[in-house]
Every structure is written in structure tokens, then in C-alpha cells.
file data-v6.cif (mmCIF, C-alpha atoms)
data_structure
loop_
_atom_site.label_atom_id
_atom_site.label_comp_id
_atom_site.auth_asym_id
_atom_site.auth_seq_id
_atom_site.Cartn_x
_atom_site.Cartn_y
_atom_site.Cartn_z
CA MET J 1 -41.13 20.34 23.08
CA SER J 2 -44.01 18.11 24.10
CA THR J 3 -47.49 18.35 22.58
CA THR J 4 -48.89 19.16 26.04
CA LEU J 5 -46.50 22.10 26.53
CA LYS J 6 -47.36 23.46 23.07
CA ALA J 7 -51.05 23.25 23.91
CA VAL J 8 -50.48 25.31 27.04
CA LYS J 9 -48.38 28.00 25.31
CA ILE J 10 -50.76 28.65 22.40
CA PRO J 11 -53.78 29.63 24.55
CA PHE J 12 -51.51 31.75 26.74
CA LEU J 13 -50.24 33.61 23.67
CA ILE J 14 -53.83 34.20 22.57
CA VAL J 15 -54.66 35.71 25.97
CA ILE J 16 -51.66 38.08 25.78
CA ILE J 17 -52.62 39.20 22.26
CA GLY J 18 -56.19 39.81 23.47
CA ILE J 19 -55.00 42.01 26.33
CA LEU J 20 -52.80 44.05 23.98
CA MET J 21 -55.72 44.54 21.60
CA VAL J 22 -57.95 45.84 24.42
CA VAL J 23 -55.24 48.28 25.55
CA SER J 24 -54.76 49.58 22.01
CA ILE J 25 -58.50 50.02 21.42
CA PHE J 26 -59.20 51.71 24.77
CA PRO J 27 -56.11 53.77 25.68
CA ASN J 28 -55.88 55.75 28.91
CA GLN J 29 -59.28 54.59 30.12
CA LYS J 30 -60.22 55.24 33.75
CA ALA J 31 -63.33 55.45 35.84
CA GLU J 32 -66.00 58.02 34.98
CA LEU J 33 -65.42 61.38 36.64
CA PRO J 34 -67.79 62.06 39.55
CA VAL J 35 -70.45 64.75 39.44
CA PHE J 36 -70.03 67.08 42.43
CA GLY J 37 -72.79 68.72 44.45
CA PRO J 38 -72.81 70.78 47.66
CA LYS J 39 -72.63 67.77 49.96
CA ASP J 40 -69.48 66.52 48.24
CA PHE J 41 -67.43 69.52 49.35
CA HIS J 42 -66.01 70.44 52.72
CA PRO J 43 -68.49 72.78 54.49
CA ASP J 44 -65.89 75.56 54.44
CA LEU J 45 -66.11 75.58 50.64
CA VAL J 46 -69.90 75.79 50.46
CA ASP J 47 -72.16 78.70 51.31
CA SER J 48 -74.29 77.86 54.37
CA GLU J 49 -77.52 78.25 52.36
CA THR J 50 -76.56 75.43 49.98
CA GLN J 51 -74.65 73.01 52.23
CA GLN J 52 -77.61 70.68 52.71
CA VAL J 53 -79.00 70.86 49.19
CA ALA J 54 -79.41 67.30 47.98
CA SER J 55 -80.83 68.05 44.53
CA HIS J 56 -78.74 67.88 41.38
CA HIS J 57 -76.37 70.87 41.25
CA THR J 58 -75.60 72.86 38.12
CA VAL J 59 -73.64 76.08 37.72
CA SER J 60 -75.84 79.18 37.91
CA ASP J 61 -76.34 81.64 35.07
CA PHE J 62 -73.84 84.47 35.03
CA ASN J 63 -73.56 87.95 33.59
CA LEU J 64 -70.00 89.22 33.14
CA THR J 65 -67.92 91.51 30.92
CA ASN J 66 -64.75 90.28 29.24
CA GLN J 67 -61.45 91.84 28.16
CA ASN J 68 -63.10 93.21 25.01
CA GLY J 69 -66.07 94.77 26.79
CA GLU J 70 -68.34 91.97 25.55
CA LEU J 71 -71.17 90.44 27.56
CA ILE J 72 -70.34 86.92 28.74
CA THR J 73 -73.19 84.68 29.93
CA GLN J 74 -73.87 81.00 30.36
CA SER J 75 -74.91 80.89 26.69
CA THR J 76 -71.29 81.73 25.77
CA TYR J 77 -70.39 78.36 27.23
CA ASP J 78 -73.36 76.35 26.01
CA ASN J 79 -72.29 72.85 24.99
CA LYS J 80 -68.75 73.54 26.20
CA ILE J 81 -66.42 71.95 28.72
CA TYR J 82 -64.70 74.75 30.59
CA VAL J 83 -62.29 75.54 33.41
CA THR J 84 -63.00 78.45 35.78
CA ASP J 85 -60.76 80.32 38.19
CA PHE J 86 -60.93 83.45 40.35
CA PHE J 87 -58.06 85.94 40.20
CA PHE J 88 -57.16 89.63 40.31
CA THR J 89 -54.70 91.49 38.11
CA ARG J 90 -52.72 93.06 40.98
CA CYS J 91 -52.14 89.72 42.71
CA PRO J 92 -48.37 89.24 43.27
CA SER J 93 -48.49 85.67 44.59
CA ILE J 94 -50.58 82.79 43.28
CA CYS J 95 -52.43 84.51 40.42
CA PRO J 96 -49.44 84.79 38.05
CA ILE J 97 -48.83 81.07 38.49
CA MET J 98 -52.50 80.33 37.91
CA SER J 99 -52.64 82.49 34.79
CA ASN J 100 -49.51 80.80 33.45
CA ASN J 101 -51.06 77.38 34.03
CA MET J 102 -54.35 78.45 32.46
CA GLY J 103 -52.27 79.50 29.46
CA LYS J 104 -50.78 76.00 29.34
CA LEU J 105 -54.29 74.54 29.34
CA GLN J 106 -55.29 76.91 26.54
CA LYS J 107 -52.31 75.74 24.49
CA GLU J 108 -53.06 72.08 25.25
CA PHE J 109 -56.63 72.39 23.94
CA ILE J 110 -56.07 75.07 21.31
CA ASN J 111 -57.57 72.90 18.56
CA ASN J 112 -60.41 71.51 20.63
CA ASP J 113 -63.48 73.67 20.04
CA ASP J 114 -65.33 71.95 22.89
CA VAL J 115 -63.00 73.37 25.55
CA MET J 116 -62.95 76.96 26.85
CA PHE J 117 -61.74 78.90 29.90
CA LEU J 118 -63.28 81.51 32.20
CA SER J 119 -61.47 83.74 34.69
CA MET J 120 -63.37 86.05 37.05
CA SER J 121 -61.82 88.99 38.86
CA VAL J 122 -62.35 89.10 42.62
CA THR J 123 -61.53 92.83 42.58
CA PRO J 124 -63.89 93.88 39.77
CA GLU J 125 -63.99 97.48 40.96
CA MET J 126 -60.26 97.72 40.15
CA ASP J 127 -60.11 95.42 37.13
CA SER J 128 -61.72 97.53 34.40
CA VAL J 129 -61.99 96.40 30.79
CA PRO J 130 -58.78 98.22 29.71
CA ILE J 131 -56.86 96.65 32.59
CA LEU J 132 -58.22 93.20 31.72
CA LYS J 133 -57.32 93.79 28.06
CA GLU J 134 -53.70 94.46 28.96
CA TYR J 135 -53.65 91.52 31.37
CA ALA J 136 -55.04 89.27 28.62
CA ARG J 137 -52.39 90.50 26.19
CA LYS J 138 -49.56 89.80 28.64
CA ASN J 139 -50.88 86.30 29.34
CA GLY J 140 -51.48 85.27 25.74
CA VAL J 141 -55.26 85.05 26.09
CA LEU J 142 -57.05 84.01 22.90
CA ASP J 143 -60.44 85.70 22.70
CA SER J 144 -62.11 82.64 21.20
CA LYS J 145 -60.93 80.35 24.01
CA TRP J 146 -60.54 82.32 27.23
CA ASN J 147 -62.65 85.10 28.73
CA VAL J 148 -61.01 87.21 31.45
CA THR J 149 -63.92 88.94 33.12
CA THR J 150 -65.15 91.58 35.52
CA GLY J 151 -68.66 92.35 36.76
CA ASP J 152 -70.75 93.01 39.84
CA LYS J 153 -68.77 91.98 42.91
CA LYS J 154 -71.65 90.40 44.80
CA HIS J 155 -72.62 88.43 41.70
CA ILE J 156 -69.08 87.09 41.24
CA TYR J 157 -68.72 86.23 44.93
CA ASP J 158 -72.08 84.45 44.93
CA LEU J 159 -70.91 82.43 41.94
CA ALA J 160 -67.68 81.52 43.76
CA ARG J 161 -69.43 80.45 46.95
CA LYS J 162 -72.80 79.08 45.84
CA SER J 163 -72.14 77.85 42.33
CA PHE J 164 -68.48 76.86 41.87
CA PHE J 165 -67.67 76.18 45.56
CA ALA J 166 -64.29 77.86 45.16
CA ALA J 167 -64.16 80.07 48.27
CA LEU J 168 -62.72 79.00 51.62
CA ASP J 169 -64.42 81.65 53.72
CA TYR J 170 -67.81 83.20 54.33
CA GLY J 171 -68.72 86.68 53.12
CA ASP J 172 -71.46 88.83 51.69
CA GLY J 173 -69.69 90.23 48.63
CA GLY J 174 -69.48 93.64 50.32
CA LEU J 175 -66.71 96.20 50.37
CA GLN J 176 -64.56 94.34 52.92
CA ASP J 177 -65.20 90.88 51.49
CA PHE J 178 -62.30 89.21 49.66
CA ILE J 179 -61.80 85.82 48.01
CA HIS J 180 -58.35 84.41 47.30
CA THR J 181 -58.32 80.83 46.03
CA PRO J 182 -55.98 78.72 43.86
CA ASN J 183 -58.80 76.43 42.73
CA PHE J 184 -59.49 75.58 39.10
CA VAL J 185 -63.03 74.21 38.66
CA LEU J 186 -63.91 71.87 35.79
CA VAL J 187 -67.46 72.15 34.39
CA ASP J 188 -68.96 69.82 31.81
CA LYS J 189 -71.41 70.43 28.96
CA LYS J 190 -74.34 69.92 31.32
CA ARG J 191 -73.10 72.69 33.66
CA GLN J 192 -72.07 70.09 36.26
CA ILE J 193 -68.90 70.34 38.34
CA ARG J 194 -66.62 67.40 37.55
CA GLY J 195 -63.45 68.31 39.43
CA VAL J 196 -61.55 70.87 41.54
CA TYR J 197 -57.78 71.29 41.18
CA ASN J 198 -54.97 73.33 42.70
CA GLY J 199 -54.14 75.75 39.90
CA THR J 200 -50.59 76.29 41.22
CA ASP J 201 -49.59 72.60 41.30
CA PRO J 202 -48.07 71.08 38.10
CA ASP J 203 -49.27 67.59 39.03
CA GLU J 204 -52.80 68.89 39.50
CA ILE J 205 -52.65 70.65 36.13
CA GLN J 206 -51.65 67.38 34.49
CA ARG J 207 -54.54 65.62 36.23
CA LEU J 208 -56.86 68.34 34.98
CA ILE J 209 -55.62 67.87 31.40
CA GLU J 210 -56.33 64.15 31.62
CA ASP J 211 -59.80 64.78 33.03
CA VAL J 212 -60.66 67.29 30.28
CA ARG J 213 -59.59 64.73 27.70
CA LEU J 214 -61.74 62.13 29.38
CA LEU J 215 -64.78 64.42 29.39
CA THR J 216 -64.22 65.29 25.74
CA HIS J 217 -64.15 61.61 24.89
CA ARG J 218 -67.21 60.80 26.98
CA PHE J 219 -69.37 63.60 25.61
CA ASN J 220 -68.36 63.24 21.96
CA ASN J 221 -67.62 59.52 21.84
CA THR J 222 -64.53 60.34 19.79
CA PRO J 223 -60.83 60.12 20.64
CA SER J 224 -59.67 63.05 22.77
CA PRO J 225 -56.96 65.35 21.36
#
call {"tool": "encode", "arguments": {"input": "data-v6.cif", "output": "C-alpha cells"}}
result
Amino acid sequence: MSTTLKAVKIPFLIVIIGILMVVSIFPNQKAELPVFGPKDFHPDLVDSETQQVASHHTVSDFNLTNQNGELITQSTYDNKIYVTDFFFTRCPSICPIMSNNMGKLQKEFINNDDVMFLSMSVTPEMDSVPILKEYARKNGVLDSKWNVTTGDKKHIYDLARKSFFAALDYGDGGLQDFIHTPNFVLVDKKRQIRGVYNGTDPDEIQRLIEDVRLLTHRFNNTPSP
């Protein structure tokens, strides 16, 4: 082998080693997750009062009751990354799939104290605390990780439409109003929306897992679980 050929191969080998070192130091890196506001969603997903709001959007305060009859507010989720969905216990179609997938997320992040989950009933007048308790038991809900909640219907529907942008239709939260959505909404430690996912789609659940890991890494500057 000529001296010239050796001189070419050695720098090339150094470049390859350098690339491998970067990959090993920064695994699974991807672009920063966007921060979503009203204008980033399709108008059908945003209440008409907030569609043109250009200011920085954060999730509103909430006042709910969980499966144990405990008060759940925004302070329960202070300094937490969490995933929210809207369900009802009598749902025979998408809700069982969503609850099963939320259970998978709970299992995935069982040892990550930064990550929690929040489910809100869209039929709160039917989903009493005892009913939620039984639903939580059947779905393997861990009280420290996942709150399955009921509350004032108008309050929950306002949260869905004006805060989490999870509803596909307009309504006033009245007796005839009804929300049925498969969306999982990812919220960061600053109460910002960082992603919306189809809670019935396995590929979307995997994407959500990766995004939660990314947020955990970004906020804590430590390797994600």
C-alpha cells in the first residue's frame, strides 16, 4: 500500500470514529418539539373566542375530582409533564382502546416522577366517584401517576375546547352538548401544549412515548428513561 493511500485512509477512519462518538453521546436526538397555540390548530379544534389569540398559550387552571374523591387542580401537576385525554366510562368504542394505551404509557414511565396522566370524563353527571374508582381499578390506574376525573360539565368542556384544543365541534357545555375525541394532548412543565396524538393508533402512541422522553431530557438535562 502506497504512502499516499495510507494518508487518505487514516483521516477517513478518524472521521468515522468521530461520527460514532457523536451518535453515542447524543442518542435519539431530534428537533425540539414545537409549542402549540390556538393559531397552530385547525379552526374546528379551537373555540371561536380563542382562534385569533396570538399571545403565548398555556393550559388554564382546572378544578376536578378524581377516583378517590380528591380535589385535582393545576397544582397537582406543577412541574410535571403530563398527557391528557377525554373519555367516558360507558363508551363502547374508542375509550377502551384509549384507556388501554394510557395504561401502556403509565407502565412506560412508571419510574419517572416527572410524568403523570390526566383523564377527564365528558359525561361527568354519570361518572361519579364510585364509578370512576371501579373504572380505575379495571384499568390498572396508579393513584400517584394517573387521575381519572369528573367535575362540572361546562368547566370540562371549556377546558377541552379553549385550553387543550381537543374537541372537533362547537358547543356550550349544556345538557345536549357532547364531546367524543381520540386525542391525547401532551403538556410540558410550563403548561404549554407540545403535541396532539391519536390515542387509538399504536404508531402515534410510540411517537408520544418518544416525545415525552425528549421533553424529560430537555427539561432535566439528564438522560430520559
call {"tool": "resolve_selection", "arguments": {"input": "data-v6.cif", "expression": "the PyMOL selection byres ((chain J and resi 192-199) around 10)", "output": "number ranges by chain"}}
result
J: 32-37, 41, 56-60, 81-85, 94-95, 97-102, 163-166, 181-191, 200-208, 211-212, 215
call {"tool": "closest_atom_pairs", "arguments": {"input": "data-v6.cif", "of": "stretch 44-110 of chain J", "to": "stretch 117-141 of chain J", "cutoff": "10 Å", "atoms": "all atoms listed in the file", "output": "Markdown table"}}
result
| residue | atom | partner | partner_atom | distance |
| --- | --- | --- | --- | --- |
| J:Leu64 | CA | J:Met120 | CA | 8.3 |
| J:Thr65 | CA | J:Val129 | CA | 7.7 |
| J:Asn66 | CA | J:Val129 | CA | 6.9 |
| J:Gln67 | CA | J:Lys133 | CA | 4.6 |
| J:Asn68 | CA | J:Lys133 | CA | 6.6 |
| J:Gly69 | CA | J:Val129 | CA | 5.9 |
| J:Glu70 | CA | J:Val129 | CA | 9.3 |
| J:Ile72 | CA | J:Leu118 | CA | 9.5 |
| J:Tyr77 | CA | J:Phe117 | CA | 9.1 |
| J:Lys80 | CA | J:Phe117 | CA | 9.6 |
| J:Ile81 | CA | J:Phe117 | CA | 8.5 |
| J:Tyr82 | CA | J:Phe117 | CA | 5.1 |
| J:Val83 | CA | J:Phe117 | CA | 4.9 |
| J:Thr84 | CA | J:Leu118 | CA | 4.7 |
| J:Asp85 | CA | J:Ser119 | CA | 4.9 |
| J:Phe86 | CA | J:Met120 | CA | 4.9 |
| J:Phe87 | CA | J:Ser121 | CA | 5.0 |
| J:Phe88 | CA | J:Ser121 | CA | 4.9 |
| J:Thr89 | CA | J:Asp127 | CA | 6.8 |
| J:Arg90 | CA | J:Asp127 | CA | 8.7 |
| J:Cys91 | CA | J:Thr123 | CA | 9.9 |
| J:Pro96 | CA | J:Asn139 | CA | 9.0 |
| J:Ser99 | CA | J:Asn139 | CA | 6.9 |
| J:Asn100 | CA | J:Asn139 | CA | 7.0 |
| J:Met102 | CA | J:Phe117 | CA | 7.8 |
| J:Gly103 | CA | J:Gly140 | CA | 6.9 |
| J:Lys104 | CA | J:Gly140 | CA | 10.0 |
| J:Leu105 | CA | J:Phe117 | CA | 8.7 |
| J:Gln106 | CA | J:Phe117 | CA | 7.5 |
| J:Lys107 | CA | J:Gly140 | CA | 9.6 |
call {"tool": "closest_residue", "arguments": {"input": "data-v6.cif", "among": "J:Tyr157, J:Asn147, J:Asp113, J:Ser75", "to": "J:Thr216", "atoms": "all atoms listed in the file"}}
result
J:Asp113
call {"tool": "atom_distance", "arguments": {"input": "data-v6.cif", "atom1": "atom CA of J:Pro38", "atom2": "atom CA of J:Asp61"}}
result
17.0 Å
call {"tool": "atom_distance", "arguments": {"input": "data-v6.cif", "atom1": "atom CA of J:Arg213", "atom2": "atom CA of J:Gln74"}}
result
21.8 Å
call {"tool": "atom_distance", "arguments": {"input": "data-v6.cif", "atom1": "atom CA of J:Ala160", "atom2": "atom CA of J:His180"}}
result
10.4 Å
call {"tool": "build_atoms", "arguments": {"input": "data-v6.cif", "residues": "stretch 102-114 of chain J", "atoms": "N, CA, C and O atoms", "output": "PDB file, keeping the file's coordinate frame"}}
result
ATOM      1  N   MET J 102     -53.183  78.380  33.323  1.00  0.00           N
ATOM      2  CA  MET J 102     -54.350  78.450  32.460  1.00  0.00           C
ATOM      3  C   MET J 102     -53.911  78.609  31.004  1.00  0.00           C
ATOM      4  O   MET J 102     -54.522  78.060  30.080  1.00  0.00           O
ATOM      5  N   GLY J 103     -52.817  79.363  30.799  1.00  0.00           N
ATOM      6  CA  GLY J 103     -52.270  79.500  29.460  1.00  0.00           C
ATOM      7  C   GLY J 103     -51.783  78.166  28.907  1.00  0.00           C
ATOM      8  O   GLY J 103     -51.936  77.886  27.707  1.00  0.00           O
ATOM      9  N   LYS J 104     -51.206  77.337  29.770  1.00  0.00           N
ATOM     10  CA  LYS J 104     -50.780  76.000  29.340  1.00  0.00           C
ATOM     11  C   LYS J 104     -51.976  75.154  28.929  1.00  0.00           C
ATOM     12  O   LYS J 104     -51.923  74.405  27.948  1.00  0.00           O
ATOM     13  N   LEU J 105     -53.072  75.278  29.690  1.00  0.00           N
ATOM     14  CA  LEU J 105     -54.290  74.540  29.340  1.00  0.00           C
ATOM     15  C   LEU J 105     -54.837  75.033  27.998  1.00  0.00           C
ATOM     16  O   LEU J 105     -55.274  74.231  27.159  1.00  0.00           O
ATOM     17  N   GLN J 106     -54.821  76.349  27.802  1.00  0.00           N
ATOM     18  CA  GLN J 106     -55.290  76.910  26.540  1.00  0.00           C
ATOM     19  C   GLN J 106     -54.488  76.339  25.369  1.00  0.00           C
ATOM     20  O   GLN J 106     -55.050  75.957  24.337  1.00  0.00           O
ATOM     21  N   LYS J 107     -53.174  76.281  25.537  1.00  0.00           N
ATOM     22  CA  LYS J 107     -52.310  75.740  24.490  1.00  0.00           C
ATOM     23  C   LYS J 107     -52.583  74.261  24.262  1.00  0.00           C
ATOM     24  O   LYS J 107     -52.604  73.785  23.118  1.00  0.00           O
ATOM     25  N   GLU J 108     -52.816  73.525  25.351  1.00  0.00           N
ATOM     26  CA  GLU J 108     -53.060  72.080  25.250  1.00  0.00           C
ATOM     27  C   GLU J 108     -54.314  71.790  24.436  1.00  0.00           C
ATOM     28  O   GLU J 108     -54.366  70.811  23.672  1.00  0.00           O
ATOM     29  N   PHE J 109     -55.346  72.645  24.590  1.00  0.00           N
ATOM     30  CA  PHE J 109     -56.630  72.390  23.940  1.00  0.00           C
ATOM     31  C   PHE J 109     -56.947  73.430  22.867  1.00  0.00           C
ATOM     32  O   PHE J 109     -58.105  73.689  22.571  1.00  0.00           O
ATOM     33  N   ILE J 110     -55.897  73.996  22.281  1.00  0.00           N
ATOM     34  CA  ILE J 110     -56.070  75.070  21.310  1.00  0.00           C
ATOM     35  C   ILE J 110     -56.906  74.647  20.118  1.00  0.00           C
ATOM     36  O   ILE J 110     -57.665  75.448  19.547  1.00  0.00           O
ATOM     37  N   ASN J 111     -56.829  73.387  19.733  1.00  0.00           N
ATOM     38  CA  ASN J 111     -57.570  72.900  18.560  1.00  0.00           C
ATOM     39  C   ASN J 111     -58.835  72.144  18.922  1.00  0.00           C
ATOM     40  O   ASN J 111     -59.461  71.546  18.047  1.00  0.00           O
ATOM     41  N   ASN J 112     -59.202  72.189  20.180  1.00  0.00           N
ATOM     42  CA  ASN J 112     -60.410  71.510  20.630  1.00  0.00           C
ATOM     43  C   ASN J 112     -61.503  72.551  20.871  1.00  0.00           C
ATOM     44  O   ASN J 112     -61.487  73.258  21.874  1.00  0.00           O
ATOM     45  N   ASP J 113     -62.433  72.648  19.946  1.00  0.00           N
ATOM     46  CA  ASP J 113     -63.480  73.670  20.040  1.00  0.00           C
ATOM     47  C   ASP J 113     -64.458  73.439  21.176  1.00  0.00           C
ATOM     48  O   ASP J 113     -65.248  74.320  21.507  1.00  0.00           O
ATOM     49  N   ASP J 114     -64.426  72.263  21.786  1.00  0.00           N
ATOM     50  CA  ASP J 114     -65.330  71.950  22.890  1.00  0.00           C
ATOM     51  C   ASP J 114     -64.855  72.525  24.222  1.00  0.00           C
ATOM     52  O   ASP J 114     -65.604  72.519  25.196  1.00  0.00           O
TER      53      ASP J 114
END
